[in-house]
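J.: I am sharing start.cif, which consists of mmCIF, C-alpha atoms:
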data_run
loop_
_atom_site.group_PDB
_atom_site.id
_atom_site.type_symbol
_atom_site.label_atom_id
_atom_site.label_comp_id
_atom_site.auth_asym_id
_atom_site.auth_seq_id
_atom_site.Cartn_x
_atom_site.Cartn_y
_atom_site.Cartn_z
ATOM 1 C CA MET A 22 105.081 86.372 96.093
ATOM 2 C CA TYR A 23 104.584 83.095 94.265
ATOM 3 C CA LYS A 24 107.694 80.912 94.472
ATOM 4 C CA GLY A 25 106.381 77.722 92.914
ATOM 5 C CA LYS A 26 104.319 74.862 94.246
ATOM 6 C CA GLN A 27 104.776 74.137 97.941
ATOM 7 C CA PHE A 28 103.994 70.781 99.463
ATOM 8 C CA SER A 29 101.431 70.939 102.250
ATOM 9 C CA SER A 30 102.311 69.517 105.644
ATOM 10 C CA GLY A 31 98.949 67.771 105.833
ATOM 11 C CA ALA A 32 95.770 67.035 103.904
ATOM 12 C CA LEU A 33 93.720 69.361 106.160
ATOM 13 C CA THR A 34 96.205 72.247 105.998
ATOM 14 C CA SER A 35 95.338 75.240 103.803
ATOM 15 C CA LYS A 36 97.953 77.267 101.894
ATOM 16 C CA ILE A 37 97.873 80.055 104.483
ATOM 17 C CA ASP A 38 98.152 77.610 107.398
ATOM 18 C CA ASN A 39 101.028 75.857 105.669
ATOM 19 C CA LEU A 40 102.767 79.211 105.101
ATOM 20 C CA VAL A 41 102.587 80.100 108.810
ATOM 21 C CA LEU A 42 103.832 76.642 109.845
ATOM 22 C CA ARG A 43 106.809 76.905 107.466
ATOM 23 C CA LEU A 44 107.746 80.399 108.704
ATOM 24 C CA MET A 45 107.434 79.265 112.330
ATOM 25 C CA ALA A 46 109.306 75.978 111.813
ATOM 26 C CA PHE A 47 112.300 77.026 113.968
ATOM 27 C CA TYR A 48 110.135 78.513 116.762
ATOM 28 C CA LEU A 49 107.563 75.764 117.370
ATOM 29 C CA ASN A 50 107.429 73.704 120.585
ATOM 30 C CA LYS A 51 109.185 76.485 122.541
ATOM 31 C CA GLY A 52 106.184 78.138 124.222
ATOM 32 C CA HIS A 53 106.083 81.262 122.031
ATOM 33 C CA HIS A 54 103.037 83.497 121.586
ATOM 34 C CA LEU A 55 102.274 84.481 117.976
ATOM 35 C CA ILE A 56 100.308 87.679 117.206
ATOM 36 C CA MET A 57 98.722 87.766 113.718
ATOM 37 C CA ASP A 58 96.173 89.813 111.795
ATOM 38 C CA ASN A 59 92.995 88.515 110.209
ATOM 39 C CA TYR A 60 94.655 87.440 106.946
ATOM 40 C CA TYR A 61 96.275 84.447 108.673
ATOM 41 C CA ASN A 62 94.165 83.608 111.721
ATOM 42 C CA SER A 63 91.696 80.725 111.764
ATOM 43 C CA VAL A 64 90.379 78.182 114.260
ATOM 44 C CA ASN A 65 92.190 75.365 112.454
ATOM 45 C CA LEU A 66 95.526 77.223 112.490
ATOM 46 C CA SER A 67 95.179 78.023 116.207
ATOM 47 C CA ASN A 68 94.614 74.332 116.956
ATOM 48 C CA LEU A 69 97.613 73.329 114.815
ATOM 49 C CA LEU A 70 99.922 75.815 116.547
ATOM 50 C CA LEU A 71 98.603 74.889 119.988
ATOM 51 C CA ASN A 72 99.547 71.279 119.272
ATOM 52 C CA HIS A 73 103.100 72.647 118.784
ATOM 53 C CA LYS A 74 102.997 74.509 122.144
ATOM 54 C CA THR A 75 102.536 77.887 120.450
ATOM 55 C CA HIS A 76 99.768 80.316 121.480
ATOM 56 C CA THR A 77 98.020 82.664 119.038
ATOM 57 C CA THR A 78 96.118 85.933 119.397
ATOM 58 C CA GLY A 79 94.729 88.328 116.829
ATOM 59 C CA THR A 80 91.829 89.506 114.737
ATOM 60 C CA LEU A 81 89.711 87.122 112.681
ATOM 61 C CA ARG A 82 87.749 87.385 109.439
ATOM 62 C CA SER A 83 84.032 86.754 109.794
ATOM 63 C CA ASN A 84 83.876 84.531 106.690
ATOM 64 C CA ARG A 85 86.833 82.309 107.639
ATOM 65 C CA ARG A 86 86.128 78.587 107.319
ATOM 66 C CA GLY A 87 85.715 76.911 110.700
ATOM 67 C CA ASN A 88 84.258 79.968 112.473
ATOM 68 C CA PRO A 89 81.381 79.272 114.889
ATOM 69 C CA LYS A 90 77.961 80.248 113.542
ATOM 70 C CA TYR A 91 77.274 82.800 116.275
ATOM 71 C CA VAL A 92 79.792 85.263 114.759
ATOM 72 C CA GLN A 93 77.043 86.375 112.358
ATOM 73 C CA LYS A 94 74.917 87.540 115.306
ATOM 74 C CA LYS A 95 74.181 91.289 115.373
ATOM 75 C CA LEU A 96 75.295 93.169 118.483
ATOM 76 C CA LYS A 97 74.625 96.568 120.011
ATOM 77 C CA ARG A 98 77.523 98.881 120.757
ATOM 78 C CA GLY A 99 79.427 97.675 123.813
ATOM 79 C CA ASP A 100 78.087 94.094 123.647
ATOM 80 C CA HIS A 101 80.568 91.233 123.915
ATOM 81 C CA ILE A 102 80.042 87.511 123.303
ATOM 82 C CA TRP A 103 82.495 84.603 123.023
ATOM 83 C CA LYS A 104 82.616 80.868 122.476
ATOM 84 C CA ARG A 105 85.246 78.194 123.111
ATOM 85 C CA GLN A 106 86.236 75.204 120.998
ATOM 86 C CA ASN A 107 88.659 73.050 122.996
ATOM 87 C CA LYS A 108 91.245 75.685 124.022
ATOM 88 C CA VAL A 109 90.494 78.156 121.214
ATOM 89 C CA TYR A 110 88.399 81.210 122.136
ATOM 90 C CA VAL A 111 86.529 83.160 119.454
ATOM 91 C CA SER A 112 84.936 86.401 120.622
ATOM 92 C CA LYS A 113 82.935 89.217 119.070
ATOM 93 C CA TRP A 114 82.778 92.773 120.372
ATOM 94 C CA LYS A 115 80.806 95.728 119.049
ATOM 95 C CA ASP A 116 82.771 98.993 119.255
ATOM 96 C CA LYS A 117 82.274 101.488 116.411
ATOM 97 C CA ARG A 118 82.044 98.369 114.229
ATOM 98 C CA ASP A 119 82.105 94.621 114.775
ATOM 99 C CA VAL A 120 85.460 93.268 115.949
ATOM 100 C CA LEU A 121 86.112 89.539 115.772
ATOM 101 C CA CYS A 122 89.054 88.053 117.712
ATOM 102 C CA ILE A 123 90.665 84.684 118.321
ATOM 103 C CA THR A 124 93.063 83.597 121.066
ATOM 104 C CA THR A 125 94.418 80.539 122.851
ATOM 105 C CA ASN A 126 96.297 82.482 125.535
ATOM 106 C CA TYR A 127 93.618 84.585 127.240
ATOM 107 C CA GLN A 128 90.063 84.059 128.391
ATOM 108 C CA PRO A 129 88.001 86.766 126.633
ATOM 109 C CA LYS A 130 86.999 89.620 128.928
ATOM 110 C CA MET A 131 86.687 93.389 128.939
ATOM 111 C CA ILE A 132 89.493 95.398 130.532
ATOM 112 C CA VAL A 133 90.198 99.121 130.997
ATOM 113 C CA SER A 134 92.831 100.342 128.554
ATOM 114 C CA LYS A 135 94.362 103.764 127.895
ATOM 115 C CA ASN A 136 94.434 105.181 124.378
ATOM 116 C CA LYS A 137 97.196 107.402 122.947
ATOM 117 C CA TYR A 138 95.569 110.462 124.542
ATOM 118 C CA GLY A 139 95.655 108.881 128.023
ATOM 119 C CA GLN A 140 91.894 108.353 128.143
ATOM 120 C CA GLU A 141 90.648 105.164 129.821
ATOM 121 C CA LYS A 142 88.179 103.122 127.789
ATOM 122 C CA PRO A 143 86.853 99.550 128.012
ATOM 123 C CA LYS A 144 88.504 97.248 125.515
ATOM 124 C CA LEU A 145 88.622 93.534 124.783
ATOM 125 C CA ILE A 146 91.785 91.956 126.224
ATOM 126 C CA GLU A 147 92.667 90.362 122.861
ATOM 127 C CA ILE A 148 92.472 93.760 121.139
ATOM 128 C CA ALA A 149 94.584 95.397 123.871
ATOM 129 C CA LYS A 150 97.298 92.751 123.462
ATOM 130 C CA TYR A 151 97.058 92.890 119.659
ATOM 131 C CA ASN A 152 97.548 96.677 119.699
ATOM 132 C CA GLU A 153 100.433 96.371 122.141
ATOM 133 C CA PHE A 154 102.471 94.105 119.864
ATOM 134 C CA MET A 155 101.145 94.898 116.374
ATOM 135 C CA SER A 156 100.722 98.677 116.529
ATOM 136 C CA GLY A 157 104.195 99.288 115.069
ATOM 137 C CA VAL A 158 103.516 97.072 112.043
ATOM 138 C CA ASP A 159 100.083 98.594 111.431
ATOM 139 C CA ARG A 160 101.473 102.111 111.871
ATOM 140 C CA ALA A 161 104.240 101.433 109.346
ATOM 141 C CA ASP A 162 101.740 100.033 106.811
ATOM 142 C CA GLN A 163 99.508 103.068 107.346
ATOM 143 C CA MET A 164 102.298 105.611 106.793
ATOM 144 C CA ILE A 165 103.681 103.741 103.768
ATOM 145 C CA SER A 166 100.219 103.732 102.167
ATOM 146 C CA TYR A 167 100.035 107.566 102.381
ATOM 147 C CA TYR A 168 103.195 108.082 100.295
ATOM 148 C CA SER A 169 103.459 104.907 98.239
ATOM 149 C CA CYS A 170 105.866 104.606 95.288
ATOM 150 C CA PRO A 171 104.383 101.590 93.390
ATOM 151 C CA ARG A 172 102.250 102.343 90.356
ATOM 152 C CA LYS A 173 100.388 100.161 87.904
ATOM 153 C CA SER A 174 102.857 97.996 86.069
ATOM 154 C CA ALA A 175 102.827 94.774 84.067
ATOM 155 C CA LYS A 176 106.025 93.715 85.837
ATOM 156 C CA TRP A 177 105.141 92.379 89.306
ATOM 157 C CA TYR A 178 108.728 92.591 90.567
ATOM 158 C CA LYS A 179 108.759 96.369 90.083
ATOM 159 C CA LYS A 180 105.979 96.708 92.655
ATOM 160 C CA VAL A 181 107.945 94.517 95.065
ATOM 161 C CA ILE A 182 111.102 96.612 94.640
ATOM 162 C CA PHE A 183 109.248 99.899 95.154
ATOM 163 C CA HIS A 184 107.435 98.516 98.192
ATOM 164 C CA LEU A 185 110.761 97.451 99.733
ATOM 165 C CA LEU A 186 112.018 100.975 99.006
ATOM 166 C CA ASP A 187 109.005 102.427 100.857
ATOM 167 C CA VAL A 188 109.699 100.151 103.833
ATOM 168 C CA ALA A 189 113.373 101.169 103.873
ATOM 169 C CA VAL A 190 112.488 104.893 103.832
ATOM 170 C CA TRP A 191 110.000 104.502 106.693
ATOM 171 C CA ASN A 192 112.485 102.433 108.750
ATOM 172 C CA SER A 193 115.200 105.051 108.223
ATOM 173 C CA PHE A 194 112.769 107.778 109.336
ATOM 174 C CA TYR A 195 111.879 105.793 112.470
ATOM 175 C CA ILE A 196 115.569 105.276 113.333
ATOM 176 C CA TYR A 197 116.244 108.979 112.697
ATOM 177 C CA LYS A 198 113.533 109.998 115.179
ATOM 178 C CA GLN A 199 114.902 107.571 117.761
ATOM 179 C CA HIS A 200 118.362 109.207 117.621
ATOM 180 C CA PHE A 201 117.262 112.854 117.202
ATOM 181 C CA ASP A 202 114.603 114.248 119.479
ATOM 182 C CA ARG A 203 112.348 115.941 116.918
ATOM 183 C CA PRO A 204 108.741 115.023 117.785
ATOM 184 C CA ASP A 205 107.244 117.534 115.297
ATOM 185 C CA PHE A 206 109.341 116.302 112.356
ATOM 186 C CA ARG A 207 106.928 114.884 109.770
ATOM 187 C CA PHE A 208 107.457 111.866 107.540
ATOM 188 C CA LYS A 209 106.544 113.864 104.414
ATOM 189 C CA VAL A 210 109.204 116.508 105.195
ATOM 190 C CA TYR A 211 111.761 113.749 105.786
ATOM 191 C CA ARG A 212 110.974 112.165 102.391
ATOM 192 C CA ASP A 213 111.299 115.530 100.617
ATOM 193 C CA LEU A 214 114.681 116.206 102.220
ATOM 194 C CA LEU A 215 115.882 112.693 101.418
ATOM 195 C CA ILE A 216 114.891 113.045 97.742
ATOM 196 C CA LYS A 217 116.594 116.443 97.438
ATOM 197 C CA ASP A 218 119.757 115.039 99.004
ATOM 198 C CA LEU A 219 119.819 112.057 96.640
ATOM 199 C CA ILE A 220 119.359 114.149 93.479
ATOM 200 C CA LYS A 221 121.780 116.832 94.713
ATOM 201 C CA ILE A 222 119.586 119.937 94.790
ATOM 202 C CA PRO A 223 119.436 122.595 97.565
ATOM 203 C CA LYS A 224 117.226 121.620 100.510
ATOM 204 C CA ASN A 225 115.243 124.879 100.388
ATOM 205 C CA THR A 226 114.230 124.361 96.704
ATOM 206 C CA THR A 227 110.462 124.502 96.218
ATOM 207 C CA ALA A 228 108.537 122.245 93.838
ATOM 208 C CA THR A 229 108.018 125.148 91.388
ATOM 209 C CA GLU A 230 111.729 125.945 91.381
ATOM 210 C CA PHE A 231 112.606 122.266 90.937
ATOM 211 C CA PHE A 232 110.431 121.851 87.838
ATOM 212 C CA GLN A 233 111.849 125.077 86.424
ATOM 213 C CA LEU A 234 115.371 123.689 86.929
ATOM 214 C CA LYS A 235 114.316 120.471 85.228
ATOM 215 C CA LYS A 236 112.789 122.387 82.323
ATOM 216 C CA ASN A 237 115.917 124.495 81.848
ATOM 217 C CA SER A 238 118.107 121.385 82.021
ATOM 218 C CA ARG A 239 115.994 119.727 79.334
ATOM 219 C CA LYS A 240 116.262 122.763 77.093
ATOM 220 C CA SER A 241 120.015 122.838 77.569
ATOM 221 C CA SER A 242 120.384 119.179 76.644
ATOM 222 C CA ARG A 243 118.471 119.795 73.396
ATOM 223 C CA GLY A 244 120.549 122.835 72.469
ATOM 224 C CA GLU A 245 117.730 125.325 72.936
ATOM 225 C CA ASP A 246 119.870 127.636 75.072
ATOM 226 C CA SER A 247 122.580 128.026 72.412
ATOM 227 C CA ARG A 248 120.279 128.293 69.401
ATOM 228 C CA GLU A 249 117.062 130.219 70.022
ATOM 229 C CA GLY A 250 113.951 128.940 68.254
ATOM 230 C CA HIS A 251 115.110 125.337 67.735
ATOM 231 C CA PHE A 252 112.524 122.978 69.205
ATOM 232 C CA GLU A 253 111.574 119.373 68.668
ATOM 233 C CA GLU A 254 108.425 118.466 66.740
ATOM 234 C CA PRO A 255 107.058 115.272 65.150
ATOM 235 C CA ILE A 256 107.895 114.743 61.500
ATOM 236 C CA GLN A 257 104.870 115.858 59.506
ATOM 237 C CA LEU A 258 102.838 113.062 57.938
ATOM 238 C CA PRO A 259 102.246 113.048 54.159
ATOM 239 C CA PRO A 260 98.637 113.074 52.894
ATOM 240 C CA ASN A 261 96.821 109.722 53.213
ATOM 241 C CA TYR A 262 99.662 108.332 55.349
ATOM 242 C CA LYS A 263 98.239 105.368 57.275
ATOM 243 C CA ARG A 264 100.755 105.131 60.107
ATOM 244 C CA ARG A 265 100.684 107.284 63.235
ATOM 245 C CA LYS A 266 104.340 108.371 62.908
ATOM 246 C CA LYS A 267 106.791 108.857 60.066
ATOM 247 C CA PHE A 268 110.434 107.886 60.537
ATOM 248 C CA LYS A 269 113.519 109.240 58.775
ATOM 249 C CA ASN A 270 117.234 108.737 59.168
ATOM 250 C CA CYS A 271 118.879 111.028 61.728
ATOM 251 C CA VAL A 272 121.145 113.453 59.836
ATOM 252 C CA GLN A 273 123.735 113.701 62.625
ATOM 253 C CA CYS A 274 123.956 109.921 63.099
ATOM 254 C CA TYR A 275 124.294 109.508 59.308
ATOM 255 C CA LYS A 276 127.345 111.803 59.380
ATOM 256 C CA GLN A 277 128.878 109.422 61.920
ATOM 257 C CA LYS A 278 128.171 106.525 59.522
ATOM 258 C CA THR A 279 125.405 105.212 61.771
ATOM 259 C CA ARG A 280 121.897 104.521 60.559
ATOM 260 C CA LYS A 281 119.371 105.514 63.213
ATOM 261 C CA GLN A 282 115.773 106.409 62.486
ATOM 262 C CA THR A 283 113.809 109.071 64.342
ATOM 263 C CA SER A 284 110.255 110.422 64.336
ATOM 264 C CA ILE A 285 111.182 113.987 65.376
ATOM 265 C CA GLN A 286 112.733 116.926 63.573
ATOM 266 C CA CYS A 287 113.829 120.473 64.327
ATOM 267 C CA GLN A 288 110.865 122.812 64.124
ATOM 268 C CA LYS A 289 112.992 125.569 62.544
ATOM 269 C CA CYS A 290 115.467 123.618 60.391
ATOM 270 C CA LYS A 291 113.073 120.795 59.399
ATOM 271 C CA VAL A 292 115.993 118.364 59.789
ATOM 272 C CA PRO A 293 115.300 114.880 61.211
ATOM 273 C CA LEU A 294 117.300 114.408 64.408
ATOM 274 C CA CYS A 295 117.210 111.927 67.262
ATOM 275 C CA PRO A 296 117.024 113.437 70.797
ATOM 276 C CA LEU A 297 120.672 112.617 71.576
ATOM 277 C CA CYS A 298 121.925 114.431 68.467
ATOM 278 C CA PHE A 299 119.740 117.531 68.747
ATOM 279 C CA LYS A 300 122.275 119.585 70.705
ATOM 280 C CA ASP A 301 125.373 118.400 68.801
ATOM 281 C CA TYR A 302 123.853 119.167 65.403
ATOM 282 C CA HIS A 303 122.906 122.771 66.259
ATOM 283 C CA ALA A 304 126.166 123.430 68.078
ATOM 284 C CA ALA A 305 128.065 122.628 64.870
ATOM 285 C CA GLN A 306 125.884 124.929 62.715
ATOM 286 C CA PRO A 307 126.922 128.569 62.121
ATOM 287 C CA GLU A 308 124.668 131.199 63.682
ATOM 288 C CA GLY A 309 122.404 133.150 61.446
#
Any chance you could give the structure as C-alpha cells?

T.:
Amino acid sequence: MYKGKQFSSGALTSKIDNLVLRLMAFYLNKGHHLIMDNYYNSVNLSNLLLNHKTHTTGTLRSNRRGNPKYVQKKLKRGDHIWKRQNKVYVSKWKDKRDVLCITTNYQPKMIVSKNKYGQEKPKLIEIAKYNEFMSGVDRADQMISYYSCPRKSAKWYKKVIFHLLDVAVWNSFYIYKQHFDRPDFRFKVYRDLLIKDLIKIPKNTTATEFFQLKKNSRKSSRGEDSREGHFEEPIQLPPNYKRRKKFKNCVQCYKQKTRKQTSIQCQKCKVPLCPLCFKDYHAAQPEG
C-alpha cells in the first residue's frame, strides 16, 4: 500500500531494498537469517544485508538488475550451475522448469530431500531451506487465492479489507485444525459453516434452500406475502421520453409529509412507491 514518499537510505538503494531495510531495522546486526521470495531478492540487497550481519536465502527473478549473465543459459533437466560474487551465491537449477536461487548462508549443492509423500528426490539446498521456512506462507496464499473475497472495485481500501478478512478466516481455520484433530476437514466446508453461523441459518441448509429463504424474505419485506399479485416494476416511460428512468413522488412518503422520488411502482396498483414503503402501503389498504 502506498503511504507517501519514503526517503531512501542511500543513492544506490531501490524502493524494494529500502522497504526490506526499514522492516528489518530492529533485527539487523544480530546474525539473523532472512528467507524471502523472488519479489524482494536481489544481489544488491543480499550484499546490503550481509554488511549488517544478516544472511539471506530465497528465489530470484531472472530479470532482476545485478544478476550475473549466465542465468540466461539454457539447462537440461537436472542440471545445476552457480556463480559467486563476493559472498553472494546465485545458482540455477532445472527441475520441471528453471529455478533461480540466491543465498549468502549456504554453498549451492544438491541434497536428498523428502517430499510430502515421503519420497526422496534430489533438490537444491536453497530450495529445501526455502520450502522449510516459507511453505506455510505459500500454502496460506495458495488457499486464500482459491476462495478469495476481493472483487473489482474503484476503492483500493476495500480490496485490502477483504484480503485481511481472507487471511483472518484462513488463520482461524489453521488454529481450529491445530486444536481439533480433524485431518479430513476441508477449508471450503469450514468457510461454509462459518458463514452460516454468522448469518444465523441452520448448518445443514443447502445453497438452494438458502436462496429460497432469501427470496421469501425479500417477498415478505415488499408485502407480497400479505397482498397477492403486488410486485415492483419500473415506472413506464412516456412516448419520446429521453431519459432511461422516470421518477415520481412516493405516495406513502408524501402521506408522511416527506418528499421522496422513486422510479418503481406497484405492478397491480400503478402507484409510485419506494422500496421501503412498499409493504407499509399495501398493509394499510383494504383487501379486495

J.: Could you check the closest approach to Ser284 (chain A) for each of A:Ile165, A:Leu185, A:Leu258, A:Leu81 and tell me which residue wins, using all atoms listed in the file?

T.: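 Smallest separation from Ser284 (chain A) among the options: A:Leu258.
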
J.: Write out as JSON lines a residue-level contact list of region 116-220 of chain A versus region 75-79 of chain A with cut-off 9 Å: for each qualifying residue the closest pair of atoms and the distance in Å to one decimal, counting only C-alpha atoms, rows sorted by chain and residue number upward.

T.:
{"residue": "A:Leu121", "atom": "CA", "partner": "A:Gly79", "partner_atom": "CA", "distance": 8.8}
{"residue": "A:Cys122", "atom": "CA", "partner": "A:Gly79", "partner_atom": "CA", "distance": 5.7}
{"residue": "A:Ile123", "atom": "CA", "partner": "A:Gly79", "partner_atom": "CA", "distance": 5.7}
{"residue": "A:Thr124", "atom": "CA", "partner": "A:Thr78", "partner_atom": "CA", "distance": 4.2}
{"residue": "A:Thr125", "atom": "CA", "partner": "A:His76", "partner_atom": "CA", "distance": 5.5}
{"residue": "A:Asn126", "atom": "CA", "partner": "A:His76", "partner_atom": "CA", "distance": 5.8}
{"residue": "A:Tyr127", "atom": "CA", "partner": "A:Thr78", "partner_atom": "CA", "distance": 8.3}
{"residue": "A:Glu147", "atom": "CA", "partner": "A:Thr78", "partner_atom": "CA", "distance": 6.6}
{"residue": "A:Ile148", "atom": "CA", "partner": "A:Gly79", "partner_atom": "CA", "distance": 7.3}
{"residue": "A:Lys150", "atom": "CA", "partner": "A:Thr78", "partner_atom": "CA", "distance": 8.0}
{"residue": "A:Tyr151", "atom": "CA", "partner": "A:Gly79", "partner_atom": "CA", "distance": 5.9}

J.: Since I can't run it myself right now, could you work out what the PyMOL selection byres ((chain A and resi 108) around 12) selects here and report it as a ChimeraX atom specification?

T.: /A:64-65,67-72,74,76-77,104-107,109-111,123-129

J.: Output C-alpha atoms for every residue in that selection, as a compact mmCIF listing (two decimals), keeping the file's coordinate frame.

T.:
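The resulting file, result13.txt, is shown below:
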# COMPACT_ATOMS: atom_id res chain seq x y z
CA VAL A 64 90.38 78.18 114.26
CA ASN A 65 92.19 75.36 112.45
CA SER A 67 95.18 78.02 116.21
CA ASN A 68 94.61 74.33 116.96
CA LEU A 69 97.61 73.33 114.82
CA LEU A 70 99.92 75.82 116.55
CA LEU A 71 98.60 74.89 119.99
CA ASN A 72 99.55 71.28 119.27
CA LYS A 74 103.00 74.51 122.14
CA HIS A 76 99.77 80.32 121.48
CA THR A 77 98.02 82.66 119.04
CA LYS A 104 82.62 80.87 122.48
CA ARG A 105 85.25 78.19 123.11
CA GLN A 106 86.24 75.20 121.00
CA ASN A 107 88.66 73.05 123.00
CA VAL A 109 90.49 78.16 121.21
CA TYR A 110 88.40 81.21 122.14
CA VAL A 111 86.53 83.16 119.45
CA ILE A 123 90.66 84.68 118.32
CA THR A 124 93.06 83.60 121.07
CA THR A 125 94.42 80.54 122.85
CA ASN A 126 96.30 82.48 125.54
CA TYR A 127 93.62 84.58 127.24
CA GLN A 128 90.06 84.06 128.39
CA PRO A 129 88.00 86.77 126.63

J.: What gap, in Å, lies between CA of Trp191 (chain A) and CA of Ala161 (chain A)?

T.: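 It comes out at 7.0 Å.
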
J.: Have a look at CA of His303 (chain A) and CA of Gln288 (chain A) and let me know their distance in Å, one decimal.

T.: 12.2 Å

J.: Given the file above and the PyMOL selection byres ((chain A and resi 257) around 12), which residues are selected, and can you give them as a count of residues only?

T.: 23

J.: With a distance cut-off of 12 Å and only C-alpha atoms, select the neighbouring residues of Val188 (chain A), excluding the residue or stretch itself and same-chain residues fewer than 4 positions from it, and output the selection as an MDAnalysis selection string.

T.: chainID A and resid 158 160:166 168:171 181:184 192:195

J.: Taking the file as I've supplied it (selection: the PyMOL selection byres ((chain A and resi 146) around 6)), which residues are included? Please answer as a ChimeraX atom specification.

T.: /A:130-132,145,147-149

J.: Do you have the CA of Leu66 (chain A)-CA of Thr34 (chain A) distance handy?

T.: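 Pair CA of Leu66 (chain A) / CA of Thr34 (chain A) returns 8.2 Å.
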
J.: Can you list, as an mmCIF file with C-alpha atoms, in the coordinates of the input, every protein, DNA or RNA residue that comes within 12 Å of Lys90 (chain A) when you count all atoms listed in the file, leaving out same-chain residues fewer than 3 positions away?

T.:
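Generated file (around32.cif):
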data_model
loop_
_atom_site.group_PDB
_atom_site.id
_atom_site.type_symbol
_atom_site.label_atom_id
_atom_site.label_comp_id
_atom_site.auth_asym_id
_atom_site.auth_seq_id
_atom_site.Cartn_x
_atom_site.Cartn_y
_atom_site.Cartn_z
ATOM 1 C CA SER A 83 84.032 86.754 109.794
ATOM 2 C CA ASN A 84 83.876 84.531 106.690
ATOM 3 C CA ARG A 85 86.833 82.309 107.639
ATOM 4 C CA ARG A 86 86.128 78.587 107.319
ATOM 5 C CA GLY A 87 85.715 76.911 110.700
ATOM 6 C CA GLN A 93 77.043 86.375 112.358
ATOM 7 C CA LYS A 94 74.917 87.540 115.306
ATOM 8 C CA LYS A 95 74.181 91.289 115.373
ATOM 9 C CA TRP A 103 82.495 84.603 123.023
ATOM 10 C CA LYS A 104 82.616 80.868 122.476
ATOM 11 C CA VAL A 111 86.529 83.160 119.454
ATOM 12 C CA SER A 112 84.936 86.401 120.622
ATOM 13 C CA LYS A 113 82.935 89.217 119.070
#

J.: Counting all atoms listed in the file, select every polymer residue within 12 Å of (80.2, 99.0, 110.8) as defined in the file's coordinates, and provide the selection as a ChimeraX atom specification.

T.: /A:95-98,114-120

J.: Keeping C-alpha atoms, export the residues of the selection given above as a PDB file, in the frame of the given file.

T.:
ATOM      1  CA  LYS A  95      74.181  91.289 115.373  1.00  0.00           C
ATOM      2  CA  LEU A  96      75.295  93.169 118.483  1.00  0.00           C
ATOM      3  CA  LYS A  97      74.625  96.568 120.011  1.00  0.00           C
ATOM      4  CA  ARG A  98      77.523  98.881 120.757  1.00  0.00           C
ATOM      5  CA  TRP A 114      82.778  92.773 120.372  1.00  0.00           C
ATOM      6  CA  LYS A 115      80.806  95.728 119.049  1.00  0.00           C
ATOM      7  CA  ASP A 116      82.771  98.993 119.255  1.00  0.00           C
ATOM      8  CA  LYS A 117      82.274 101.488 116.411  1.00  0.00           C
ATOM      9  CA  ARG A 118      82.044  98.369 114.229  1.00  0.00           C
ATOM     10  CA  ASP A 119      82.105  94.621 114.775  1.00  0.00           C
ATOM     11  CA  VAL A 120      85.460  93.268 115.949  1.00  0.00           C
TER      12      VAL A 120
END

J.: Would you please work out which residue, of A:Val133, A:Tyr302, A:Gln199, A:Phe154, is nearest to Leu55 (chain A) when using only C-alpha atoms?

T.: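 Nearest candidate to Leu55 (chain A) out of A:Val133, A:Tyr302, A:Gln199, A:Phe154: A:Phe154.
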